[in-house]
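For reference, upload.txt (compact mmCIF, C-alpha atoms and all ligand atoms):
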```
# COMPACT_ATOMS: atom_id res chain seq x y z
CA MET A 59 -11.70 1.05 -29.56
CA THR A 60 -13.46 -1.25 -27.11
CA ALA A 61 -15.88 0.57 -24.89
CA PRO A 62 -15.58 -0.19 -21.17
CA THR A 63 -18.68 -1.51 -19.44
CA MET A 64 -20.34 -0.06 -16.36
CA THR A 65 -23.36 -1.11 -14.39
CA SER A 66 -26.46 0.96 -14.73
CA VAL A 67 -27.03 3.27 -11.76
CA ASN A 68 -30.43 3.19 -10.14
CA GLN A 69 -30.47 5.05 -6.85
CA ALA A 70 -34.08 4.10 -6.16
CA THR A 71 -33.20 0.45 -5.59
CA THR A 72 -30.55 1.14 -2.93
CA ASP A 73 -32.05 -0.62 0.05
CA SER A 74 -30.55 -1.82 3.30
CA ALA A 75 -32.86 -4.85 3.19
CA HIS A 76 -30.49 -6.31 0.61
CA GLU A 77 -27.51 -5.99 2.93
CA ALA A 78 -27.63 -9.56 4.18
CA GLN A 79 -27.41 -11.00 0.67
CA PRO A 80 -24.09 -10.49 -1.03
CA GLY A 81 -24.93 -10.68 -4.70
CA SER A 82 -23.52 -10.57 -8.19
CA ALA A 83 -22.54 -7.62 -10.32
CA GLY A 84 -25.49 -5.84 -11.92
CA GLN A 85 -26.42 -5.95 -15.59
CA PRO A 86 -23.56 -4.37 -17.52
CA VAL A 87 -24.54 -1.48 -19.75
CA SER A 88 -22.10 -0.61 -22.51
CA MET A 89 -21.06 3.01 -22.64
CA GLU A 90 -17.82 4.66 -23.50
CA SER A 91 -16.13 6.19 -20.48
CA PRO A 92 -14.43 9.55 -20.95
CA ILE A 93 -11.77 8.35 -18.49
CA VAL A 94 -8.60 7.16 -20.21
CA GLY A 95 -8.23 3.37 -20.19
CA THR A 96 -5.28 2.85 -17.81
CA TYR A 97 -7.37 0.42 -15.74
CA LYS A 98 -9.49 -2.60 -16.65
CA ARG A 99 -12.36 -1.70 -14.36
CA ALA A 100 -14.69 -4.31 -12.90
CA PRO A 101 -18.29 -4.18 -14.15
CA VAL A 102 -19.73 -2.72 -10.97
CA GLU A 103 -20.16 0.72 -9.45
CA PHE A 104 -20.24 1.19 -5.69
CA VAL A 105 -22.38 3.92 -4.26
CA ARG A 106 -21.94 3.50 -0.52
CA GLY A 107 -20.23 1.44 2.15
CA SER A 108 -20.66 0.31 5.73
CA GLY A 109 -18.09 -1.52 7.86
CA VAL A 110 -16.38 -4.02 5.60
CA GLN A 111 -19.10 -3.95 2.96
CA LEU A 112 -19.58 -1.92 -0.21
CA PHE A 113 -22.94 -1.61 -1.91
CA ASP A 114 -23.76 -1.19 -5.57
CA ALA A 115 -26.58 0.94 -6.94
CA GLU A 116 -29.01 -2.00 -6.70
CA GLY A 117 -28.27 -2.35 -2.99
CA ARG A 118 -26.23 -5.54 -3.34
CA GLY A 119 -23.59 -5.92 -0.67
CA TYR A 120 -19.99 -6.94 -1.38
CA LEU A 121 -17.60 -8.02 1.32
CA ASP A 122 -14.51 -5.93 0.67
CA PHE A 123 -11.11 -7.65 0.96
CA VAL A 124 -9.46 -4.97 -1.20
CA SER A 125 -10.02 -1.84 0.94
CA GLY A 126 -9.39 0.47 -2.01
CA ILE A 127 -5.97 -1.28 -2.32
CA ALA A 128 -4.98 -1.09 1.35
CA VAL A 129 -6.35 2.42 1.86
CA ASN A 130 -9.63 1.99 3.73
CA ALA A 131 -8.12 0.48 6.88
CA LEU A 132 -11.04 1.69 9.03
CA GLY A 133 -13.66 0.27 6.65
CA TYR A 134 -16.58 2.37 5.45
CA ASP A 135 -18.83 4.92 7.09
CA ASP A 136 -16.61 5.00 10.18
CA ALA A 137 -18.11 7.44 12.69
CA GLY A 138 -14.75 8.75 13.95
CA LEU A 139 -13.39 9.32 10.45
CA LYS A 140 -16.58 11.09 9.41
CA ALA A 141 -16.38 13.36 12.46
CA ALA A 142 -12.73 14.14 11.62
CA LEU A 143 -13.69 14.98 8.03
CA HIS A 144 -16.48 17.28 9.22
CA ALA A 145 -14.21 18.97 11.76
CA ALA A 146 -11.47 19.44 9.14
CA ALA A 147 -13.98 21.04 6.78
CA GLU A 148 -14.62 23.74 9.40
CA GLY A 149 -10.98 24.81 9.10
CA LEU A 150 -8.73 25.88 6.23
CA VAL A 151 -8.42 23.51 3.30
CA HIS A 152 -5.22 24.79 1.71
CA THR A 153 -2.67 27.52 2.21
CA SER A 154 0.41 26.07 0.35
CA ASN A 155 3.77 25.16 1.78
CA LEU A 156 4.85 28.80 1.85
CA TYR A 157 3.21 28.90 5.31
CA SER A 158 3.07 26.40 8.15
CA THR A 159 -0.20 25.16 9.60
CA SER A 160 -0.94 23.62 12.95
CA PRO A 161 -2.45 20.36 11.55
CA GLY A 162 0.66 19.77 9.41
CA GLU A 163 3.03 20.49 12.30
CA ARG A 164 1.02 18.28 14.67
CA LEU A 165 0.84 15.40 12.20
CA ALA A 166 4.60 15.55 11.58
CA ALA A 167 5.20 15.61 15.35
CA ALA A 168 2.92 12.57 15.82
CA LEU A 169 4.71 10.61 13.07
CA VAL A 170 8.08 11.50 14.58
CA ALA A 171 6.90 10.47 18.06
CA LYS A 172 5.66 7.08 16.79
CA SER A 173 8.62 6.15 14.57
CA PHE A 174 12.40 6.22 14.09
CA ALA A 175 12.16 9.56 12.29
CA ASP A 176 13.21 13.10 13.22
CA LYS A 177 11.67 14.95 10.26
CA VAL A 178 8.83 14.52 7.78
CA PHE A 179 8.03 15.74 4.26
CA PHE A 180 4.39 15.53 3.14
CA CYS A 181 3.24 14.86 -0.40
CA ASN A 182 0.20 13.45 -2.16
CA SER A 183 0.72 9.81 -3.14
CA GLY A 184 2.91 6.78 -2.73
CA ALA A 185 4.91 7.17 -5.92
CA GLU A 186 5.47 10.82 -5.12
CA ALA A 187 6.77 9.87 -1.67
CA ASN A 188 9.28 7.44 -3.20
CA GLU A 189 10.38 9.98 -5.82
CA GLY A 190 11.07 12.43 -3.00
CA ALA A 191 12.88 9.78 -0.94
CA PHE A 192 15.18 9.08 -3.91
CA LYS A 193 16.00 12.79 -4.14
CA PHE A 194 16.58 13.19 -0.41
CA ALA A 195 18.78 10.08 -0.27
CA ARG A 196 20.82 11.33 -3.21
CA ARG A 197 21.17 14.77 -1.69
CA TRP A 198 22.50 13.21 1.51
CA ALA A 199 24.73 10.68 -0.30
CA ARG A 200 26.43 13.38 -2.35
CA THR A 201 27.71 14.81 0.93
CA LYS A 202 29.60 11.49 1.30
CA GLY A 203 31.08 11.33 -2.21
CA ASP A 204 30.46 12.79 -5.66
CA ALA A 205 29.85 9.47 -7.39
CA LYS A 206 27.32 8.23 -4.81
CA HIS A 207 24.04 8.43 -6.70
CA GLU A 208 22.70 4.96 -7.60
CA ILE A 209 19.41 3.65 -6.26
CA VAL A 210 19.10 -0.12 -5.79
CA ALA A 211 15.73 -1.90 -5.64
CA LEU A 212 14.82 -5.57 -5.26
CA ARG A 213 13.39 -8.21 -7.57
CA GLY A 214 9.57 -8.13 -7.25
CA ALA A 215 9.53 -4.51 -6.08
CA PHE A 216 6.75 -2.04 -6.75
CA HIS A 217 7.55 1.55 -5.88
CA GLY A 218 5.25 3.44 -8.23
CA ARG A 219 4.79 4.33 -11.85
CA LEU A 220 6.17 7.83 -12.17
CA PHE A 221 9.32 8.40 -14.20
CA GLY A 222 11.83 7.74 -11.40
CA THR A 223 9.92 5.11 -9.47
CA LEU A 224 9.08 3.13 -12.60
CA ALA A 225 12.79 2.33 -12.92
CA ALA A 226 12.61 0.80 -9.42
CA THR A 227 9.43 -1.16 -10.18
CA ASP A 228 10.05 -4.72 -11.32
CA ARG A 229 7.19 -5.26 -13.77
CA PRO A 230 8.29 -5.63 -17.40
CA ALA A 231 4.79 -4.85 -18.70
CA TYR A 232 4.76 -1.52 -16.85
CA ARG A 233 8.35 -0.64 -17.84
CA LEU A 234 8.89 -1.72 -21.43
CA PRO A 235 6.61 0.77 -23.21
CA PHE A 236 8.33 3.70 -21.48
CA ARG A 237 12.02 2.94 -22.07
CA PRO A 238 14.53 4.45 -21.69
CA LEU A 239 13.88 4.53 -17.95
CA THR A 240 15.54 6.91 -15.51
CA PRO A 241 19.24 6.01 -15.30
CA GLY A 242 20.99 5.28 -12.02
CA VAL A 243 18.25 2.95 -10.74
CA SER A 244 18.81 -0.83 -10.82
CA ILE A 245 17.01 -3.96 -9.66
CA PHE A 246 18.82 -6.89 -8.04
CA GLU A 247 17.74 -10.32 -6.79
CA ARG A 248 16.59 -10.67 -3.18
CA ASP A 249 19.83 -12.42 -2.48
CA LEU A 250 22.44 -11.40 0.05
CA ALA A 251 25.47 -12.40 -1.98
CA GLU A 252 24.23 -10.54 -5.07
CA LEU A 253 23.30 -7.46 -3.02
CA ASP A 254 26.59 -7.53 -1.19
CA ALA A 255 28.36 -7.25 -4.55
CA ALA A 256 25.93 -4.62 -5.90
CA LEU A 257 25.95 -2.28 -2.92
CA SER A 258 29.16 -0.41 -3.61
CA GLU A 259 30.07 2.15 -1.00
CA ASP A 260 31.45 4.45 -3.72
CA THR A 261 28.47 4.61 -6.09
CA VAL A 262 25.27 3.57 -4.28
CA ALA A 263 23.21 6.27 -2.55
CA ALA A 264 20.24 4.20 -1.42
CA LEU A 265 18.65 0.78 -1.19
CA ILE A 266 14.83 0.78 -1.30
CA VAL A 267 12.94 -2.17 0.15
CA GLU A 268 9.31 -3.06 0.88
CA PRO A 269 9.42 -5.13 4.11
CA VAL A 270 6.42 -6.96 2.64
CA GLN A 271 6.30 -6.72 -1.14
CA GLY A 272 2.70 -6.03 -2.06
CA GLU A 273 2.18 -5.80 -5.82
CA GLY A 274 5.06 -8.25 -6.32
CA GLY A 275 2.97 -11.10 -4.88
CA VAL A 276 2.73 -10.44 -1.12
CA ARG A 277 6.24 -11.58 -0.21
CA VAL A 278 7.20 -11.14 3.42
CA LEU A 279 10.92 -10.43 3.56
CA ASP A 280 12.63 -12.44 6.26
CA PRO A 281 13.46 -10.27 9.32
CA GLY A 282 16.99 -11.73 9.29
CA PHE A 283 17.41 -10.66 5.64
CA LEU A 284 16.23 -7.13 6.50
CA ARG A 285 18.71 -7.00 9.39
CA GLU A 286 21.55 -8.08 7.08
CA LEU A 287 20.58 -5.39 4.57
CA ARG A 288 20.54 -2.84 7.37
CA ALA A 289 24.01 -3.91 8.51
CA VAL A 290 25.47 -3.71 4.99
CA THR A 291 23.91 -0.32 4.20
CA THR A 292 24.97 1.17 7.53
CA SER A 293 28.56 -0.01 7.17
CA ARG A 294 28.77 1.39 3.62
CA ASN A 295 27.06 4.74 4.20
CA ILE A 296 24.12 3.78 1.99
CA ALA A 297 20.68 5.11 2.91
CA MET A 298 18.09 2.42 3.59
CA ILE A 299 14.65 3.49 2.39
CA LEU A 300 11.75 1.36 3.56
CA ASP A 301 8.66 1.62 1.38
CA GLU A 302 5.81 0.98 3.84
CA ILE A 303 3.19 2.47 1.57
CA GLN A 304 1.23 -0.78 1.47
CA CYS A 305 2.54 -2.78 4.43
CA GLY A 306 2.83 0.09 6.94
CA LEU A 307 0.38 1.78 9.31
CA GLY A 308 -0.90 -1.32 11.05
CA ARG A 309 -1.41 -3.62 8.07
CA THR A 310 0.95 -6.33 9.39
CA GLY A 311 -0.06 -5.97 13.05
CA THR A 312 2.61 -3.47 14.13
CA LEU A 313 2.33 0.23 13.33
CA PHE A 314 5.33 -0.10 11.01
CA ALA A 315 6.47 -3.35 9.42
CA TYR A 316 10.14 -2.60 10.19
CA GLU A 317 9.38 -3.15 13.91
CA ARG A 318 9.10 -6.89 13.20
CA ALA A 319 12.76 -6.95 12.15
CA GLY A 320 13.97 -4.71 14.97
CA ILE A 321 15.70 -2.34 12.54
CA GLU A 322 15.37 1.36 11.79
CA PRO A 323 15.69 2.80 8.29
CA ASP A 324 17.15 6.17 7.24
CA LEU A 325 14.00 7.03 5.30
CA MET A 326 10.53 5.54 5.14
CA THR A 327 7.64 6.28 2.80
CA LEU A 328 3.96 6.10 3.73
CA ALA A 329 0.74 6.81 1.83
CA LYS A 330 -2.35 4.64 1.21
CA PRO A 331 -4.28 4.59 4.57
CA LEU A 332 -2.59 7.69 6.01
CA ALA A 333 -5.44 10.15 5.47
CA GLY A 334 -8.40 7.76 5.47
CA GLY A 335 -8.86 7.81 1.68
CA LEU A 336 -7.78 11.39 1.00
CA PRO A 337 -4.62 11.52 -1.10
CA MET A 338 -1.57 11.91 1.10
CA GLY A 339 1.99 10.61 1.21
CA ALA A 340 4.81 11.17 3.67
CA ILE A 341 8.58 10.75 3.70
CA LEU A 342 9.97 10.16 7.18
CA MET A 343 13.70 10.56 7.71
CA THR A 344 16.51 10.81 10.22
CA ARG A 345 18.08 14.12 11.17
CA ALA A 346 21.22 13.20 9.21
CA ILE A 347 19.21 13.00 5.96
CA ALA A 348 17.14 16.09 6.78
CA ASP A 349 20.28 18.11 7.53
CA ALA A 350 21.43 17.62 3.93
CA ILE A 351 18.25 19.18 2.54
CA LYS A 352 18.03 22.89 1.80
CA PRO A 353 15.10 25.15 0.81
CA GLY A 354 14.36 24.64 -2.88
CA ASP A 355 15.63 21.04 -3.00
CA HIS A 356 12.10 19.67 -3.25
CA GLY A 357 8.53 20.89 -3.12
CA THR A 358 4.83 20.31 -3.69
CA THR A 359 1.88 22.68 -3.85
CA PHE A 360 -0.64 20.50 -2.04
CA GLY A 361 1.43 18.25 0.26
CA GLY A 362 0.39 18.22 3.92
CA GLY A 363 -2.34 20.85 3.64
CA PRO A 364 -4.42 21.56 6.77
CA PHE A 365 -7.53 19.66 5.66
CA VAL A 366 -5.81 16.41 4.77
CA ALA A 367 -3.40 16.66 7.72
CA SER A 368 -6.21 17.05 10.28
CA VAL A 369 -7.91 13.96 8.94
CA ALA A 370 -4.61 12.05 8.95
CA LEU A 371 -4.07 13.00 12.60
CA HIS A 372 -7.27 11.16 13.46
CA VAL A 373 -6.40 8.15 11.27
CA LEU A 374 -2.89 7.87 12.72
CA GLU A 375 -4.25 7.83 16.27
CA ARG A 376 -6.72 5.10 15.33
CA LEU A 377 -4.18 2.97 13.47
CA SER A 378 -1.65 3.18 16.29
CA ASP A 379 -4.19 2.12 18.92
CA PRO A 380 -2.65 -0.95 20.61
CA ALA A 381 -6.10 -2.61 20.72
CA LEU A 382 -6.43 -2.35 16.92
CA LEU A 383 -2.88 -3.64 16.36
CA LYS A 384 -3.57 -6.57 18.71
CA HIS A 385 -6.76 -7.28 16.78
CA VAL A 386 -4.87 -7.28 13.44
CA THR A 387 -2.22 -9.60 14.86
CA GLU A 388 -4.78 -12.02 16.28
CA VAL A 389 -7.32 -12.18 13.47
CA GLY A 390 -4.46 -12.03 10.96
CA ALA A 391 -2.81 -15.14 12.41
CA TRP A 392 -6.16 -16.93 12.41
CA PHE A 393 -6.89 -15.80 8.82
CA GLY A 394 -3.48 -17.04 7.63
CA HIS A 395 -4.09 -20.40 9.27
CA GLU A 396 -7.53 -20.65 7.65
CA LEU A 397 -6.02 -19.85 4.24
CA GLN A 398 -3.54 -22.69 4.71
CA GLU A 399 -6.47 -24.96 5.58
CA LEU A 400 -8.29 -23.75 2.48
CA ALA A 401 -5.22 -24.65 0.42
CA ARG A 402 -5.19 -28.13 1.96
CA ARG A 403 -8.93 -28.73 1.46
CA THR A 404 -9.28 -27.39 -2.08
CA GLY A 405 -5.92 -28.40 -3.57
CA ARG A 406 -6.29 -25.26 -5.71
CA ILE A 407 -3.73 -23.07 -3.91
CA ARG A 408 -0.01 -23.55 -4.44
CA GLN A 409 1.22 -21.25 -1.69
CA VAL A 410 -0.08 -18.88 0.97
CA ARG A 411 2.04 -15.93 2.14
CA GLY A 412 1.42 -12.93 4.35
CA ALA A 413 1.30 -11.26 7.73
CA GLY A 414 -1.39 -9.45 9.71
CA LEU A 415 -4.19 -8.63 7.27
CA MET A 416 -2.05 -8.68 4.12
CA TRP A 417 -2.18 -12.07 2.40
CA GLY A 418 -1.46 -13.53 -0.99
CA MET A 419 -2.25 -16.96 -2.35
CA ASP A 420 -0.84 -18.41 -5.55
CA VAL A 421 -3.73 -20.16 -7.24
CA MET A 422 -3.98 -22.80 -9.94
CA GLY A 423 -5.31 -20.97 -13.00
CA THR A 424 -5.27 -17.20 -13.10
CA ALA A 425 -5.80 -14.74 -10.30
CA ALA A 426 -8.03 -12.70 -12.63
CA HIS A 427 -10.46 -15.63 -12.80
CA VAL A 428 -10.69 -15.86 -8.99
CA VAL A 429 -11.12 -12.07 -8.78
CA SER A 430 -14.06 -12.05 -11.23
CA GLU A 431 -15.72 -15.20 -9.84
CA SER A 432 -15.47 -13.77 -6.31
CA LEU A 433 -17.04 -10.53 -7.49
CA THR A 434 -20.06 -12.37 -8.85
CA ARG A 435 -20.45 -14.03 -5.44
CA GLY A 436 -20.20 -10.76 -3.54
CA LEU A 437 -16.55 -10.77 -2.46
CA LEU A 438 -13.94 -8.23 -3.58
CA VAL A 439 -10.37 -9.49 -3.86
CA CYS A 440 -7.58 -8.28 -6.13
CA SER A 441 -4.52 -9.71 -7.79
CA ALA A 442 -0.79 -9.19 -7.30
CA GLY A 443 0.64 -10.54 -10.54
CA ASP A 444 -0.96 -13.13 -12.82
CA TYR A 445 -1.28 -15.99 -10.33
CA THR A 446 -1.49 -14.38 -6.89
CA VAL A 447 -4.81 -13.42 -5.35
CA ARG A 448 -4.28 -10.63 -2.81
CA LEU A 449 -6.41 -10.16 0.30
CA LEU A 450 -6.32 -6.79 2.07
CA PRO A 451 -9.42 -6.57 4.29
CA PRO A 452 -10.06 -3.43 6.34
CA LEU A 453 -8.10 -3.71 9.60
CA VAL A 454 -11.37 -3.60 11.54
CA ALA A 455 -12.67 -6.82 9.91
CA THR A 456 -13.93 -9.35 12.45
CA ARG A 457 -13.24 -13.07 12.47
CA GLU A 458 -16.84 -13.65 11.43
CA GLU A 459 -16.51 -11.31 8.41
CA LEU A 460 -13.20 -12.85 7.42
CA GLY A 461 -14.81 -16.29 7.72
CA ARG A 462 -17.63 -15.25 5.37
CA GLY A 463 -15.04 -14.21 2.81
CA LEU A 464 -13.18 -17.49 3.21
CA ALA A 465 -16.40 -19.43 2.57
CA ILE A 466 -16.93 -17.54 -0.70
CA LEU A 467 -13.30 -18.16 -1.71
CA GLU A 468 -13.74 -21.87 -1.03
CA GLU A 469 -16.78 -21.95 -3.34
CA VAL A 470 -14.84 -20.09 -6.04
CA LEU A 471 -11.76 -22.29 -5.77
C1 LIG B 1 4.66 -0.50 -1.91
C2 LIG B 1 4.10 0.54 -2.80
N1 LIG B 1 4.85 1.62 -3.10
C3 LIG B 1 4.39 2.59 -3.89
C4 LIG B 1 3.12 2.55 -4.41
C5 LIG B 1 2.62 3.67 -5.27
O1 LIG B 1 1.63 4.36 -4.60
P1 LIG B 1 0.62 5.33 -5.39
O2 LIG B 1 -0.27 4.44 -6.19
O3 LIG B 1 -0.11 6.07 -4.31
O4 LIG B 1 1.44 6.23 -6.24
C6 LIG B 1 2.30 1.46 -4.13
C7 LIG B 1 0.95 1.35 -4.71
O5 LIG B 1 0.36 0.32 -4.79
C8 LIG B 1 2.80 0.43 -3.30
O6 LIG B 1 2.07 -0.64 -2.99
```
structure tokens encoding of this file:
Amino acid sequence: MTAPTMTSVNQATTDSAHEAQPGSAGQPVSMESPIVGTYKRAPVEFVRGSGVQLFDAEGRGYLDFVSGIAVNALGYDDAGLKAALHAAAEGLVHTSNLYSTSPGERLAAALVAKSFADKVFFCNSGAEANEGAFKFARRWARTKGDAKHEIVALRGAFHGRLFGTLAATDRPAYRLPFRPLTPGVSIFERDLAELDAALSEDTVAALIVEPVQGEGGVRVLDPGFLRELRAVTTSRNIAMILDEIQCGLGRTGTLFAYERAGIEPDLMTLAKPLAGGLPMGAILMTRAIADAIKPGDHGTTFGGGPFVASVALHVLERLSDPALLKHVTEVGAWFGHELQELARRTGRIRQVRGAGLMWGMDVMGTAAHVVSESLTRGLLVCSAGDYTVRLLPPLVATREELGRGLAILEEVL
């Protein structure tokens, strides 16, 4: 077995004087991790963060364009988030879903007030939110016809890696070792004619769509295409589930990505930034879906507990601040333009795609190479497939910080 590598940890060298000099990963020290090897981890350990920077144990700063995979929207060491965490710690942490709590009720009310939804179910992660959405959609669809049970997903989709969601995730490498996958879940091309034929009113319960596919290469679905899908699903009594786990909550410059298409789904799933880094997912739904759900149909021990819900209340207020959304729209448009310029200047980028502060660029060579070369130069980026480099800076990133990242990318490319 190959032992993973980690950097040595030396707290004594952590020093803010190094902050101005983004540096390379520290000397790797071989040691076998007791954590199971589901991830190829980068050879660096972060010990603290500030704004859009993370710092390793030697005090080297890294500009973070990953944000814990679209989680840390407010960056690091945010004063408001810290205050919310401290305040939440003064209250109850957990009571279970056998009892209601004020933070959970208030968070659900805030999500309802800010979206299409009438009701909310809280859970603990993105995949768990999608699993629940599949169940809720099926429960509702069965009230329309006994055979209505199929879930349809799109080419390039990523909806999670649990048993049900894996069948809706279009990555052969993730799927093949675990066959047979959950039946009744199929993937179709992002093509209207093909979907029109696949979306049978008699058998399909739900269509699940990421308005911007994240893991599948940062593909922004055309608003017109989303509107067509909405029209077809509505006319055939098929629930439309929008997975906004990665693209929602301000990432594309509107609180929810569906706003850009002017449509409303029947269900929507959220997670990633919702509770500022604490694990939390949510399923938002219309009254029609919620009315089909009875006690015992679904459950979770931890979902929506008072601690995590109080923190999420703060995060939701911050992420729905019009000034922040305007900032994301403005710097995002500038960033996208600069990426196109980078493509033109370097000749090393085949295509740039994205919206707000969610961008992907198809590079010549592998994305993994750009990820590791950027890391050595003090910039964190991640991949979305073998050839797409994905950029997900904190939503508070300034033009100057984004520009510093672009300069490092130019060097790498
Ligand atoms: C669009 C989308 N859906 C679902 C998930 C799964 O979320 P989690 O990793 O919290 O289970 C992800 C994670 O990357 C995602 O991007």
Box dimensions and centre (Å, one decimal) enclosing ligand LIG 1 (chain B), axis-aligned, 6 Å extra per side, as AutoDock Vina command-line options:
```
--center_x 2.3 --center_y 2.8 --center_z -4.1 --size_x 17.1 --size_y 18.9 --size_z 16.3
```
Wanna dump the chain A-ligand LIG 1 (chain B) contacts at 9 Å for me, each residue with its shortest atom pair and the distance in Å to one decimal, counting only C-alpha atoms and all ligand atoms, ordered by chain and number, as a tab-separated table?
```
residue	atom	partner	partner_atom	distance
A:Ile127	CA	B:LIG1	O5	7.0
A:Ala128	CA	B:LIG1	O5	8.3
A:Asn182	CA	B:LIG1	O3	7.7
A:Ser183	CA	B:LIG1	O3	4.0
A:Gly184	CA	B:LIG1	O1	3.3
A:Ala185	CA	B:LIG1	O4	3.6
A:Glu186	CA	B:LIG1	O4	6.2
A:Ala187	CA	B:LIG1	O4	7.9
A:Asn188	CA	B:LIG1	C3	6.9
A:Ala215	CA	B:LIG1	C1	7.6
A:Phe216	CA	B:LIG1	C2	5.4
A:His217	CA	B:LIG1	N1	3.9
A:Gly218	CA	B:LIG1	C5	4.0
A:Arg219	CA	B:LIG1	O4	6.8
A:Leu220	CA	B:LIG1	O4	7.8
A:Thr223	CA	B:LIG1	C3	8.3
A:Thr227	CA	B:LIG1	N1	8.9
A:Val267	CA	B:LIG1	C1	8.7
A:Glu268	CA	B:LIG1	C1	6.0
A:Pro269	CA	B:LIG1	C1	9.0
A:Val270	CA	B:LIG1	C1	8.1
A:Gln271	CA	B:LIG1	C1	6.5
A:Gly272	CA	B:LIG1	O6	5.5
A:Glu273	CA	B:LIG1	O6	5.9
A:Gly274	CA	B:LIG1	O6	8.8
A:Asp301	CA	B:LIG1	C1	5.6
A:Glu302	CA	B:LIG1	C1	6.0
A:Ile303	CA	B:LIG1	C1	4.8
A:Gln304	CA	B:LIG1	O6	4.5
A:Cys305	CA	B:LIG1	C1	7.1
A:Thr327	CA	B:LIG1	N1	8.0
A:Leu328	CA	B:LIG1	N1	8.2
A:Ala329	CA	B:LIG1	O3	6.2
A:Lys330	CA	B:LIG1	O3	6.1
A:Pro337	CA	B:LIG1	O3	7.8
A:Met338	CA	B:LIG1	O3	8.1
A:Gly339	CA	B:LIG1	O3	7.4
```
Selection above as a file: C-alpha atoms, as a compact mmCIF listing (two decimals), keeping the file's coordinate frame:
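out.txt was written with the following content:
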```txt
# COMPACT_ATOMS: atom_id res chain seq x y z
CA ILE A 127 -5.97 -1.28 -2.32
CA ALA A 128 -4.98 -1.09 1.35
CA ASN A 182 0.20 13.45 -2.16
CA SER A 183 0.72 9.81 -3.14
CA GLY A 184 2.91 6.78 -2.73
CA ALA A 185 4.91 7.17 -5.92
CA GLU A 186 5.47 10.82 -5.12
CA ALA A 187 6.77 9.87 -1.67
CA ASN A 188 9.28 7.44 -3.20
CA ALA A 215 9.53 -4.51 -6.08
CA PHE A 216 6.75 -2.04 -6.75
CA HIS A 217 7.55 1.55 -5.88
CA GLY A 218 5.25 3.44 -8.23
CA ARG A 219 4.79 4.33 -11.85
CA LEU A 220 6.17 7.83 -12.17
CA THR A 223 9.92 5.11 -9.47
CA THR A 227 9.43 -1.16 -10.18
CA VAL A 267 12.94 -2.17 0.15
CA GLU A 268 9.31 -3.06 0.88
CA PRO A 269 9.42 -5.13 4.11
CA VAL A 270 6.42 -6.96 2.64
CA GLN A 271 6.30 -6.72 -1.14
CA GLY A 272 2.70 -6.03 -2.06
CA GLU A 273 2.18 -5.80 -5.82
CA GLY A 274 5.06 -8.25 -6.32
CA ASP A 301 8.66 1.62 1.38
CA GLU A 302 5.81 0.98 3.84
CA ILE A 303 3.19 2.47 1.57
CA GLN A 304 1.23 -0.78 1.47
CA CYS A 305 2.54 -2.78 4.43
CA THR A 327 7.64 6.28 2.80
CA LEU A 328 3.96 6.10 3.73
CA ALA A 329 0.74 6.81 1.83
CA LYS A 330 -2.35 4.64 1.21
CA PRO A 337 -4.62 11.52 -1.10
CA MET A 338 -1.57 11.91 1.10
CA GLY A 339 1.99 10.61 1.21
```
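Distance check against Asp176 (chain A) using all atoms listed in the file: of A:Leu156, A:Leu325, A:Leu382, A:Leu112, the minimum falls on A:Leu325.
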A:Leu383, A:Ile341, A:Met298, A:Ala231 ranked by distance to Asp444 (chain A), top pick (using only C-alpha atoms) |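 Answer, going by the shortest atom-to-atom distance: A:Ala231.
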Leaving out region 245-257 of chain A and any residue of its chain fewer than 2 positions from it, which residues lie within 10 Å of it when counting all atoms listed in the file, given as an MDAnalysis selection string?
-> chainID A and resid 208:215 225:228 243 259:267 279 283:284 286:287 290:291 294 296
Expected file: the selected residues, C-alpha atoms, as a compact mmCIF listing (two decimals), in the frame of the given file:
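What follows is the written file out-v1.txt:
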```
# COMPACT_ATOMS: atom_id res chain seq x y z
CA GLU A 208 22.70 4.96 -7.60
CA ILE A 209 19.41 3.65 -6.26
CA VAL A 210 19.10 -0.12 -5.79
CA ALA A 211 15.73 -1.90 -5.64
CA LEU A 212 14.82 -5.57 -5.26
CA ARG A 213 13.39 -8.21 -7.57
CA GLY A 214 9.57 -8.13 -7.25
CA ALA A 215 9.53 -4.51 -6.08
CA ALA A 225 12.79 2.33 -12.92
CA ALA A 226 12.61 0.80 -9.42
CA THR A 227 9.43 -1.16 -10.18
CA ASP A 228 10.05 -4.72 -11.32
CA VAL A 243 18.25 2.95 -10.74
CA GLU A 259 30.07 2.15 -1.00
CA ASP A 260 31.45 4.45 -3.72
CA THR A 261 28.47 4.61 -6.09
CA VAL A 262 25.27 3.57 -4.28
CA ALA A 263 23.21 6.27 -2.55
CA ALA A 264 20.24 4.20 -1.42
CA LEU A 265 18.65 0.78 -1.19
CA ILE A 266 14.83 0.78 -1.30
CA VAL A 267 12.94 -2.17 0.15
CA LEU A 279 10.92 -10.43 3.56
CA PHE A 283 17.41 -10.66 5.64
CA LEU A 284 16.23 -7.13 6.50
CA GLU A 286 21.55 -8.08 7.08
CA LEU A 287 20.58 -5.39 4.57
CA VAL A 290 25.47 -3.71 4.99
CA THR A 291 23.91 -0.32 4.20
CA ARG A 294 28.77 1.39 3.62
CA ILE A 296 24.12 3.78 1.99
```
What does the distance from CA of Gly117 (chain A) to CA of Pro331 (chain A) come to in Å, to one decimal?
->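 The value is 26.1 Å.
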Grab the CA of Ala348 (chain A) to CA of Val170 (chain A) distance for me, in Å with one decimal place.
-> 12.8 Å
Between A:Pro281, A:Val429, A:Asp122, A:Ser154, single out the one closest to Thr359 (chain A), counting all atoms listed in the file.
-> A:Ser154
